[in-house]
file work_15.txt (compact mmCIF, C-alpha atoms)
# COMPACT_ATOMS: atom_id res chain seq x y z
CA MET Z 1 121.15 162.25 22.35
CA ALA Z 2 123.56 161.35 25.18
CA SER Z 3 127.11 160.50 24.26
CA ARG Z 4 128.62 157.09 25.08
CA GLY Z 5 130.68 158.71 27.87
CA GLU Z 6 127.58 160.22 29.47
CA ARG Z 7 125.73 156.88 29.30
CA ARG Z 8 128.68 155.11 30.94
CA ARG Z 9 128.83 157.77 33.67
CA LYS Z 10 125.06 157.51 34.28
CA SER Z 11 125.29 153.73 34.44
CA ARG Z 12 128.21 154.00 36.89
CA ASP Z 13 126.23 156.47 39.03
CA SER Z 14 123.15 154.24 39.04
CA ASN Z 15 125.33 151.19 39.88
CA GLY Z 16 126.89 153.18 42.69
CA SER Z 17 123.52 154.15 44.17
CA ASP Z 18 122.29 150.53 43.80
CA MET Z 19 125.32 149.32 45.71
CA THR Z 20 124.76 151.92 48.44
CA ARG Z 21 121.13 150.86 48.73
CA PHE Z 22 122.22 147.17 48.79
CA TYR Z 23 124.72 147.75 51.60
CA TRP Z 24 122.08 149.66 53.57
CA VAL Z 25 119.63 146.76 53.23
CA LEU Z 26 122.36 144.28 54.18
CA GLY Z 27 123.32 146.43 57.17
CA ILE Z 28 119.72 146.74 58.40
CA VAL Z 29 119.18 142.97 58.10
CA ALA Z 30 122.47 142.38 59.96
CA VAL Z 31 121.53 144.75 62.79
CA LEU Z 32 118.04 143.23 63.10
CA GLY Z 33 119.39 139.68 63.05
CA LEU Z 34 122.18 140.38 65.54
CA GLY Z 35 119.72 142.21 67.78
CA LEU Z 36 117.16 139.40 67.82
CA VAL Z 37 119.61 136.53 68.30
CA GLY Z 38 121.71 138.58 70.74
CA TYR Z 39 118.63 139.41 72.78
CA GLN Z 40 117.66 135.73 73.03
CA VAL Z 41 121.16 134.75 74.16
CA ALA Z 42 121.45 137.66 76.61
CA ALA Z 43 117.98 137.00 78.09
CA HIS Z 44 118.93 133.37 78.61
CA ARG Z 45 122.21 134.26 80.30
CA ALA Z 46 120.59 136.88 82.53
CA GLY Z 47 117.67 134.88 83.85
CA GLY Z 48 118.12 131.41 82.47
CA ALA Z 49 118.15 128.02 84.03
CA ALA Z 50 120.55 127.44 86.93
CA THR Z 51 122.93 124.74 85.73
CA GLN Z 52 125.56 125.00 88.42
CA PRO Z 53 125.59 124.96 92.24
CA VAL Z 54 124.66 128.26 93.86
CA ASP Z 55 126.41 130.15 96.61
CA LEU Z 56 124.74 129.28 99.91
CA LYS Z 57 125.72 130.92 103.17
CA GLY Z 58 125.73 129.29 106.59
CA LEU Z 59 126.04 125.68 105.49
CA ASP Z 60 129.28 125.19 107.39
CA ASP Z 61 127.05 124.59 110.40
CA PRO Z 62 126.13 120.85 110.23
CA ALA Z 63 122.67 121.44 111.71
CA ALA Z 64 121.90 124.11 109.10
CA LEU Z 65 123.22 121.82 106.35
CA MET Z 66 120.99 118.97 107.56
CA ARG Z 67 118.00 121.32 107.45
CA ALA Z 68 118.81 122.65 103.99
CA ALA Z 69 119.50 119.25 102.39
CA GLN Z 70 116.31 117.44 101.50
CA GLY Z 71 116.01 113.89 100.32
CA ILE Z 72 112.94 112.66 98.48
CA THR Z 73 111.27 109.76 100.25
CA LYS Z 74 109.40 106.76 98.90
CA GLY Z 75 107.63 104.42 101.25
CA SER Z 76 106.14 104.57 104.73
CA PRO Z 77 107.65 107.27 106.96
CA ASP Z 78 107.30 104.80 109.86
CA ALA Z 79 109.41 102.10 108.19
CA PRO Z 80 112.18 101.09 110.62
CA VAL Z 81 114.97 101.05 108.04
CA THR Z 82 116.00 103.87 105.72
CA ILE Z 83 117.84 103.12 102.48
CA ILE Z 84 119.61 106.27 101.34
CA GLU Z 85 121.00 106.84 97.89
CA PHE Z 86 123.25 109.71 96.85
CA GLY Z 87 122.97 109.72 93.09
CA ASP Z 88 123.93 111.60 89.93
CA TYR Z 89 121.69 111.52 86.86
CA GLU Z 90 124.60 111.25 84.44
CA CYS Z 91 126.14 108.31 86.26
CA PRO Z 92 125.51 105.00 84.43
CA ALA Z 93 125.87 102.91 87.62
CA CYS Z 94 123.16 105.04 89.27
CA GLY Z 95 120.95 104.26 86.31
CA GLU Z 96 121.58 100.55 86.69
CA PHE Z 97 120.80 100.77 90.40
CA THR Z 98 117.57 102.71 89.82
CA LEU Z 99 116.27 100.66 86.93
CA GLN Z 100 117.40 97.17 87.93
CA ILE Z 101 118.02 96.95 91.67
CA GLN Z 102 115.62 99.51 93.11
CA PRO Z 103 112.46 97.74 91.84
CA GLN Z 104 113.56 94.57 93.67
CA VAL Z 105 114.33 96.55 96.82
CA GLU Z 106 110.94 98.24 96.62
CA LYS Z 107 109.15 94.92 96.23
CA ALA Z 108 111.00 93.24 99.08
CA TYR Z 109 111.21 96.06 101.62
CA VAL Z 110 109.36 99.25 100.69
CA ALA Z 111 106.06 97.61 99.70
CA THR Z 112 106.13 95.56 102.90
CA GLY Z 113 106.68 98.66 105.04
CA ARG Z 114 110.04 97.45 106.37
CA ALA Z 115 112.12 100.14 104.70
CA LYS Z 116 111.80 103.47 102.96
CA LEU Z 117 113.97 104.90 100.20
CA VAL Z 118 115.43 108.38 100.38
CA PHE Z 119 117.17 109.91 97.37
CA TYR Z 120 119.68 112.75 97.75
CA ASP Z 121 121.23 114.53 94.79
CA TYR Z 122 124.96 114.32 94.37
CA PRO Z 123 125.63 115.80 90.93
CA LEU Z 124 129.33 115.41 90.15
CA VAL Z 125 129.43 118.72 88.33
CA SER Z 126 133.15 118.66 87.61
CA ILE Z 127 132.75 115.69 85.27
CA HIS Z 128 129.02 115.76 84.42
CA ALA Z 129 127.96 119.08 82.90
CA GLY Z 130 124.23 118.31 82.79
CA SER Z 131 123.79 116.53 86.11
CA PHE Z 132 122.95 119.64 88.14
CA ILE Z 133 120.13 120.79 85.87
CA ALA Z 134 118.90 117.20 85.64
CA ALA Z 135 118.68 117.12 89.45
CA ARG Z 136 116.74 120.39 89.35
CA ALA Z 137 114.48 118.96 86.66
CA ALA Z 138 113.64 116.01 88.91
CA ARG Z 139 112.82 118.46 91.72
CA CYS Z 140 110.59 120.41 89.32
CA ALA Z 141 108.85 117.10 88.57
CA ASN Z 142 108.47 116.63 92.32
CA ASP Z 143 106.50 119.90 92.39
CA GLN Z 144 103.93 118.06 90.28
CA ASP Z 145 104.19 114.83 92.34
CA ARG Z 146 106.01 112.93 89.58
CA PHE Z 147 109.50 112.76 91.08
CA TRP Z 148 110.02 109.01 90.97
CA GLN Z 149 108.56 108.60 87.48
CA PHE Z 150 110.77 111.43 86.19
CA HIS Z 151 113.76 110.07 88.14
CA SER Z 152 113.47 106.71 86.34
CA GLU Z 153 112.78 108.41 83.00
CA LEU Z 154 116.01 110.43 83.30
CA TYR Z 155 117.96 107.21 83.74
CA ARG Z 156 116.06 105.39 80.99
CA LYS Z 157 116.79 108.20 78.52
CA GLN Z 158 120.26 108.96 79.91
CA ASN Z 159 122.07 108.29 76.61
CA ASP Z 160 119.74 110.68 74.76
CA TRP Z 161 119.88 113.79 76.94
CA VAL Z 162 123.47 113.50 78.17
CA ALA Z 163 124.67 114.00 74.59
CA LYS Z 164 122.83 117.32 74.30
CA ALA Z 165 124.43 120.65 75.10
CA ASN Z 166 120.99 121.92 76.05
CA PRO Z 167 118.87 119.17 77.59
CA ILE Z 168 116.00 121.47 78.69
CA SER Z 169 113.79 120.67 75.71
CA ALA Z 170 114.35 116.94 76.23
CA PHE Z 171 113.37 117.28 79.90
CA VAL Z 172 110.23 119.21 78.97
CA GLY Z 173 109.38 116.43 76.52
CA TYR Z 174 109.77 113.77 79.24
CA ALA Z 175 107.64 115.85 81.62
CA LYS Z 176 104.85 116.13 79.05
CA SER Z 177 105.03 112.41 78.28
CA LEU Z 178 104.54 111.72 82.00
CA GLY Z 179 101.39 113.84 82.00
CA MET Z 180 102.86 116.91 83.68
CA ASP Z 181 102.01 120.52 82.93
CA GLY Z 182 104.82 121.23 80.44
CA GLY Z 183 104.55 125.01 80.79
CA ALA Z 184 104.82 124.99 84.58
CA PHE Z 185 107.66 122.47 84.42
CA GLN Z 186 109.57 124.56 81.88
CA HIS Z 187 108.99 127.71 83.91
CA CYS Z 188 110.47 125.95 86.95
CA LEU Z 189 113.41 124.58 84.98
CA GLU Z 190 114.28 127.88 83.32
CA SER Z 191 114.79 129.57 86.67
CA ASP Z 192 117.02 128.90 89.67
CA ARG Z 193 114.31 127.02 91.52
CA HIS Z 194 115.56 124.10 93.68
CA ALA Z 195 119.17 125.05 92.95
CA ASP Z 196 119.56 125.72 96.69
CA VAL Z 197 118.31 122.27 97.75
CA VAL Z 198 120.38 120.44 95.13
CA THR Z 199 123.44 122.45 96.22
CA ALA Z 200 122.75 121.63 99.87
CA ASP Z 201 122.42 117.92 99.01
CA MET Z 202 125.78 118.12 97.26
CA ARG Z 203 127.39 119.85 100.22
CA LEU Z 204 126.00 117.18 102.55
CA ALA Z 205 127.51 114.43 100.40
CA GLN Z 206 130.85 116.25 100.45
CA GLN Z 207 130.66 116.72 104.24
CA LEU Z 208 130.05 112.99 104.58
CA GLY Z 209 133.23 112.39 102.55
CA LEU Z 210 131.43 110.66 99.70
CA ASN Z 211 133.35 110.61 96.45
CA SER Z 212 131.39 108.37 94.14
CA THR Z 213 127.89 107.65 92.98
CA PRO Z 214 125.75 105.84 93.66
CA THR Z 215 126.50 105.77 97.36
CA ILE Z 216 124.01 103.57 99.17
CA MET Z 217 123.59 103.76 102.94
CA VAL Z 218 121.29 101.80 105.17
CA GLY Z 219 120.36 102.89 108.64
CA LEU Z 220 117.82 103.18 111.38
CA ALA Z 221 116.03 106.32 112.53
CA LYS Z 222 118.90 107.07 114.90
CA GLY Z 223 122.63 106.63 114.53
CA MET Z 224 124.97 106.76 111.58
CA PRO Z 225 123.81 104.71 108.60
CA ARG Z 226 126.07 102.01 107.20
CA ARG Z 227 127.52 102.37 103.78
CA LEU Z 228 127.21 99.66 101.16
CA GLY Z 229 130.48 98.73 99.45
CA GLU Z 230 131.11 98.81 95.72
CA ASP Z 231 128.80 95.85 95.10
CA PHE Z 232 125.38 97.30 94.23
CA SER Z 233 123.70 93.96 93.50
CA PHE Z 234 120.36 93.19 95.08
CA LYS Z 235 122.06 90.39 97.03
CA ALA Z 236 124.47 92.89 98.61
CA VAL Z 237 121.70 95.41 99.37
CA LYS Z 238 119.53 92.66 100.84
CA ALA Z 239 122.34 91.39 103.06
CA LEU Z 240 122.92 94.87 104.52
CA VAL Z 241 119.22 95.69 104.93
CA ASP Z 242 118.55 92.31 106.60
CA GLN Z 243 121.46 92.91 108.94
CA VAL Z 244 120.20 96.36 109.91
CA LEU Z 245 116.64 94.99 110.28
CA ALA Z 246 117.92 92.20 112.53
CA GLU Z 247 119.70 94.78 114.66
CA ALA Z 248 116.52 96.84 114.81
CA ASP Z 249 114.52 93.77 115.87
CA SER Z 250 117.12 92.84 118.44
CA ALA Z 251 117.21 96.40 119.82
CA LYS Z 252 113.43 96.36 119.99
CA ALA Z 253 113.44 92.98 121.83
CA ASN Z 254 116.10 94.21 124.24
CA GLY Z 255 114.06 97.35 124.86
CA ALA Z 256 110.95 95.26 125.53
CA LYS Z 257 112.94 93.01 127.92
CA ALA Z 258 114.29 96.03 129.75
CA ASP Z 259 110.78 97.45 130.03
CA THR Z 260 109.47 94.15 131.41
CA ALA Z 261 112.35 93.94 133.89
CA ALA Z 262 111.76 97.51 134.97
CA ALA Z 263 108.05 96.83 135.39
CA GLY Z 264 108.84 93.62 137.39
CA GLY Z 265 111.25 95.50 139.63
CA ARG Z 266 108.63 98.01 140.67
CA MET L 1 122.25 141.16 45.60
CA ALA L 2 119.03 139.32 46.38
CA ILE L 3 121.00 136.15 47.14
CA ALA L 4 123.20 138.07 49.61
CA VAL L 5 120.20 139.46 51.53
CA MET L 6 118.45 136.07 51.62
CA ALA L 7 121.70 134.34 52.66
CA LEU L 8 122.15 136.84 55.50
CA VAL L 9 118.59 136.24 56.77
CA GLY L 10 119.20 132.47 56.48
CA LEU L 11 122.50 132.84 58.32
CA PHE L 12 120.74 134.42 61.30
CA ILE L 13 118.02 131.74 61.34
CA ALA L 14 120.64 128.97 61.23
CA PHE L 15 122.70 130.75 63.90
CA TYR L 16 119.65 131.04 66.17
CA LEU L 17 119.02 127.29 65.83
CA LEU L 18 122.73 126.61 66.44
CA ALA L 19 122.72 128.83 69.56
CA HIS L 20 119.78 126.79 70.84
CA ALA L 21 121.52 123.49 70.08
CA LEU L 22 124.60 124.70 71.99
CA GLY L 23 122.54 125.73 75.00
CA TRP L 24 123.10 129.47 74.56
CA THR L 25 119.37 130.20 74.50
CA GLY L 26 116.30 128.92 76.30
CA SER L 27 113.40 127.34 74.44
CA LEU L 28 112.97 128.31 70.81
CA LEU L 29 110.41 130.96 69.94
CA CYS L 30 107.93 128.81 68.11
CA GLY L 31 104.50 130.19 67.25
CA LEU L 32 103.82 127.57 64.61
CA GLY L 33 104.59 123.86 64.70
CA ASP L 34 106.58 121.90 67.24
CA CYS L 35 110.13 123.23 67.00
CA GLU L 36 111.34 121.40 70.10
CA ARG L 37 110.28 118.03 68.75
CA VAL L 38 112.17 118.64 65.53
CA GLN L 39 115.22 119.97 67.35
CA GLN L 40 115.25 117.07 69.78
CA SER L 41 114.92 114.42 67.08
CA ARG L 42 117.96 112.36 66.15
CA TYR L 43 117.96 114.06 62.75
CA SER L 44 118.90 117.41 64.30
CA SER L 45 122.57 116.51 64.15
CA ILE L 46 124.89 114.65 61.84
CA GLY L 47 127.13 112.75 64.22
CA PRO L 48 128.40 115.36 66.69
CA VAL L 49 127.65 118.28 64.31
CA PRO L 50 124.28 120.04 64.68
CA VAL L 51 122.45 120.42 61.36
CA ALA L 52 122.17 124.13 62.21
CA ALA L 53 125.98 124.37 62.03
CA VAL L 54 125.83 123.01 58.47
CA GLY L 55 123.25 125.73 57.75
CA VAL L 56 125.47 128.45 59.22
CA ALA L 57 128.40 127.29 57.07
CA GLY L 58 126.24 127.01 53.92
CA TYR L 59 124.63 130.42 54.28
CA ALA L 60 127.99 132.02 55.12
CA VAL L 61 129.50 130.62 51.91
CA MET L 62 126.51 131.88 49.88
CA LEU L 63 126.69 135.32 51.51
CA VAL L 64 130.42 135.78 50.94
CA THR L 65 130.23 134.45 47.36
CA SER L 66 127.26 136.63 46.41
CA VAL L 67 128.81 139.79 47.89
CA LEU L 68 132.05 138.94 46.08
CA GLY L 69 130.09 138.45 42.85
CA ILE L 70 128.91 142.07 42.78
CA GLN L 71 132.38 143.53 43.31
CA PRO L 72 133.82 145.17 40.17
CA GLY L 73 136.61 142.64 39.67
CA TYR L 74 134.38 139.56 40.07
CA ARG L 75 131.20 140.42 38.14
CA GLU L 76 132.17 138.19 35.23
CA SER L 77 133.92 135.56 37.35
CA ARG L 78 133.06 131.98 36.32
CA ALA L 79 134.23 130.70 39.72
CA VAL L 80 131.66 132.89 41.49
CA SER L 81 128.91 131.73 39.13
CA TRP L 82 129.85 128.09 39.69
CA LEU L 83 129.97 128.56 43.46
CA LEU L 84 126.55 130.23 43.53
CA LEU L 85 125.04 127.55 41.33
CA ILE L 86 126.57 124.62 43.21
CA GLY L 87 125.84 126.20 46.62
CA GLY L 88 122.24 126.97 45.66
CA THR L 89 121.65 123.47 44.29
CA VAL L 90 123.27 121.63 47.23
CA GLY L 91 121.45 123.89 49.73
CA PHE L 92 118.14 123.34 47.96
CA GLY L 93 118.66 119.57 47.88
CA PHE L 94 119.60 119.48 51.56
CA SER L 95 116.57 121.63 52.47
CA LEU L 96 114.30 119.29 50.49
CA TYR L 97 115.70 116.33 52.43
CA LEU L 98 115.21 118.10 55.80
CA THR L 99 111.66 119.11 54.85
CA TYR L 100 110.93 115.51 53.88
CA LEU L 101 112.25 114.37 57.32
CA GLU L 102 110.00 116.87 59.11
CA GLY L 103 106.89 115.89 57.20
CA ALA L 104 107.34 112.15 56.70
CA VAL L 105 109.63 110.91 59.48
CA ILE L 106 109.46 113.25 62.49
CA HIS L 107 105.85 114.27 61.80
CA ALA L 108 106.43 117.75 63.21
CA TRP L 109 107.23 121.10 61.67
CA CYS L 110 109.66 123.74 62.87
CA GLN L 111 108.81 127.22 61.62
CA TRP L 112 112.48 128.24 61.47
CA CYS L 113 113.38 125.16 59.42
CA VAL L 114 110.50 125.81 57.03
CA ALA L 115 111.57 129.47 56.70
CA SER L 116 115.11 128.32 55.97
CA ALA L 117 113.85 125.84 53.36
CA VAL L 118 111.83 128.61 51.65
CA LEU L 119 114.90 130.87 51.64
CA MET L 120 117.09 128.12 50.20
CA THR L 121 114.52 127.47 47.46
CA LEU L 122 114.48 131.18 46.58
CA ILE L 123 118.29 131.30 46.63
CA PHE L 124 118.36 128.27 44.32
CA LEU L 125 115.87 129.85 41.90
CA THR L 126 117.76 133.16 41.97
CA SER L 127 121.05 131.38 41.26
CA LEU L 128 119.68 129.58 38.16
CA PRO L 129 120.40 132.48 35.73
CA GLU L 130 124.07 131.85 36.51
CA THR L 131 123.87 128.84 34.13
CA ARG L 132 123.05 131.27 31.29
CA ARG L 133 126.02 133.43 32.22
CA LEU L 134 128.28 130.37 32.32
CA ARG L 135 127.02 129.21 28.91
CA ARG L 136 127.59 132.71 27.50
CA ALA L 137 131.11 132.78 28.85

call {"tool": "encode", "arguments": {"input": "work_15.txt", "output": "structure tokens"}}
result
Amino acid sequence: MASRGERRRKSRDSNGSDMTRFYWVLGIVAVLGLGLVGYQVAAHRAGGAATQPVDLKGLDDPAALMRAAQGITKGSPDAPVTIIEFGDYECPACGEFTLQIQPQVEKAYVATGRAKLVFYDYPLVSIHAGSFIAARAARCANDQDRFWQFHSELYRKQNDWVAKANPISAFVGYAKSLGMDGGAFQHCLESDRHADVVTADMRLAQQLGLNSTPTIMVGLAKGMPRRLGEDFSFKAVKALVDQVLAEADSAKANGAKADTAAAGGR
Amino acid sequence: MAIAVMALVGLFIAFYLLAHALGWTGSLLCGLGDCERVQQSRYSSIGPVPVAAVGVAGYAVMLVTSVLGIQPGYRESRAVSWLLLIGGTVGFGFSLYLTYLEGAVIHAWCQWCVASAVLMTLIFLTSLPETRRLRRA
């Protein structure tokens, strides 16, 4: 029969080996857990979604910048007047313009073929952390011909996704709800696709000296467009568009007169 | 010991969900259910705090307490028993509430949340014998 001392020693030994086994199990779980979560984070950082402007060479040349920057157009390409917006998806005033004023502008001018809308991205990345990836998301939607629907959806749901540190899932949800291929959209978003165009748009806005969004400009095919002031009401937009249209009509009439005079002189 | 291992697994699950909420990872690995829908719902945070952060804190407390409870000086500690019991019960209750939200309100399941709820239930059941120890003491 074992003495009390031996039993205590055996129990201590068995407790000791249990503890060793326990710490081994804990260590293995810790290594596995750290490995799996660490891999997910590292994979995201290495090849994840571009959320900031990228380094583009050669854009100091204005002609190269004009080629690299690409607005998205709505309306007839032959429309005499172009209404340009430089916008940021986190900017509340841009949302108001898109959701409240733009439909009226479209009805009055775009549907009638008198003007076309062109949207350029101007994400104010220093104050809006998610605006660059939102701009890319809209471009990814454009790949599936849903730019304008997604553009409006981003503004409609602005309060929801702006609050998120990671809005990608929200964007994928919007894309699916608009009937897009969610997988293709997500693949586009979780890459650096369109980061170059969005960056070029930003650089163009900076070159033009723009410092706020939305910036609305109205112009003809040639010449420098005119900038709308701080009043983004439909009345203000209409006044400027009508003025530019009147100038276009007058230039056209003058051109016709000159042609007639030239023909009469021959 | 079992509580410590389960709490450590739960800690990693909660940390993975927190990393996703903070934008440190891409989309969640989700073979079963609709994790994104659950994570994007308004129930995924309590005010500015992601629910996953609450999970990280809860599992961390359970892990530290359970490891402390098997150290020689703390094996008979009433404080450790109370902490395990209270932590297990609160965690179980919170998991029940989150599972109810998934099934009845959000109508979507997140495999990681379900795994966490199962772990919390097991932790709760494993912590129940602490009541006997407290009564004995």

call {"tool": "atom_distance", "arguments": {"input": "work_15.txt", "atom1": "atom CA of Ser45 of chain L", "atom2": "atom CA of Ala21 of chain L"}}
result
9.2 Å

call {"tool": "residues_around", "arguments": {"input": "work_15.txt", "residues": "Lys57 of chain Z", "least_positions_apart": "6", "cutoff": "12 Å", "atoms": "all atoms listed in the file", "output": "JSON list (two decimals) with C-alpha atoms, keeping the file's coordinate frame"}}
result
[["chain", "number", "residue", "atom", "x", "y", "z"],
["Z", 64, "ALA", "CA", 121.90, 124.11, 109.10],
["Z", 65, "LEU", "CA", 123.22, 121.82, 106.35],
["Z", 68, "ALA", "CA", 118.81, 122.65, 103.99],
["Z", 196, "ASP", "CA", 119.56, 125.72, 96.69],
["Z", 199, "THR", "CA", 123.44, 122.45, 96.22],
["Z", 200, "ALA", "CA", 122.75, 121.63, 99.87],
["Z", 203, "ARG", "CA", 127.39, 119.85, 100.22]]

call {"tool": "residues_near_point", "arguments": {"input": "work_15.txt", "point": "(129.0, 106.7, 109.5)", "cutoff": "12 Å", "atoms": "only C-alpha atoms", "output": "NGL selection string"}}
result
:Z and (207-210 or 216-220 or 222-228)

call {"tool": "interface_residues", "arguments": {"input": "work_15.txt", "of": "chain Z", "to": "chain L", "cutoff": "6 Å", "atoms": "only C-alpha atoms", "output": "compact mmCIF listing (two decimals) with C-alpha atoms, in the frame of the given file"}}
result
# COMPACT_ATOMS: atom_id res chain seq x y z
CA LEU Z 26 122.36 144.28 54.18
CA GLY Z 33 119.39 139.68 63.05
CA VAL Z 37 119.61 136.53 68.30
CA GLN Z 40 117.66 135.73 73.03
CA VAL Z 41 121.16 134.75 74.16
CA HIS Z 44 118.93 133.37 78.61
CA ALA Z 165 124.43 120.65 75.10
CA ASN Z 166 120.99 121.92 76.05

call {"tool": "residues_around", "arguments": {"input": "work_15.txt", "residues": "Gly75 of chain Z", "least_positions_apart": "5", "cutoff": "7 Å", "atoms": "all atoms listed in the file", "output": "ChimeraX atom specification"}}
result
/Z:110,113,116-117

call {"tool": "axis_aligned_box", "arguments": {"input": "work_15.txt", "around": "segment 33-49 of chain L", "padding_each_side": "8 Å", "output": "JSON"}}
result
{"center_x": 116.5, "center_y": 118.1, "center_z": 66.0, "size_x": 39.8, "size_y": 27.5, "size_z": 24.3}

call {"tool": "atom_distance", "arguments": {"input": "work_15.txt", "atom1": "atom CA of Ala221 of chain Z", "atom2": "atom CA of Cys94 of chain Z"}}
result
24.4 Å

call {"tool": "closest_residue", "arguments": {"input": "work_15.txt", "among": "L:Met120, L:Val114, L:Trp109, L:Gly103", "to": "Val90 of chain L", "atoms": "only C-alpha atoms"}}
result
L:Met120

call {"tool": "residues_around", "arguments": {"input": "work_15.txt", "residues": "Ile123 of chain L", "least_positions_apart": "4", "cutoff": "10 Å", "atoms": "all atoms listed in the file", "output": "list in words"}}
result
Ala2, Ile3, Ala4, Val5, Met6, Ala7, Gly10, Tyr59, Met62, Leu84, Leu85, Gly87, Gly88, Thr89, Gly91, Phe92, Ala117, Val118, Leu119, Ser127 and Leu128 of chain L

call {"tool": "residues_around", "arguments": {"input": "work_15.txt", "residues": "segment 183-194 of chain Z", "least_positions_apart": "6", "cutoff": "7 Å", "atoms": "all atoms listed in the file", "output": "list in words"}}
result
Gly47, Gly48, Ala49, Ala50, Arg136, Ala137, Arg139, Cys140, Ala141 and Val172 of chain Z

call {"tool": "write_last_selection", "arguments": {"input": "work_15.txt", "atoms": "C-alpha atoms", "output": "PDB file, keeping the file's coordinate frame"}}
result
ATOM      1  CA  GLY Z  47     117.670 134.880  83.850  1.00  0.00           C
ATOM      2  CA  GLY Z  48     118.120 131.410  82.470  1.00  0.00           C
ATOM      3  CA  ALA Z  49     118.150 128.020  84.030  1.00  0.00           C
ATOM      4  CA  ALA Z  50     120.550 127.440  86.930  1.00  0.00           C
ATOM      5  CA  ARG Z 136     116.740 120.390  89.350  1.00  0.00           C
ATOM      6  CA  ALA Z 137     114.480 118.960  86.660  1.00  0.00           C
ATOM      7  CA  ARG Z 139     112.820 118.460  91.720  1.00  0.00           C
ATOM      8  CA  CYS Z 140     110.590 120.410  89.320  1.00  0.00           C
ATOM      9  CA  ALA Z 141     108.850 117.100  88.570  1.00  0.00           C
ATOM     10  CA  VAL Z 172     110.230 119.210  78.970  1.00  0.00           C
TER      11      VAL Z 172
END
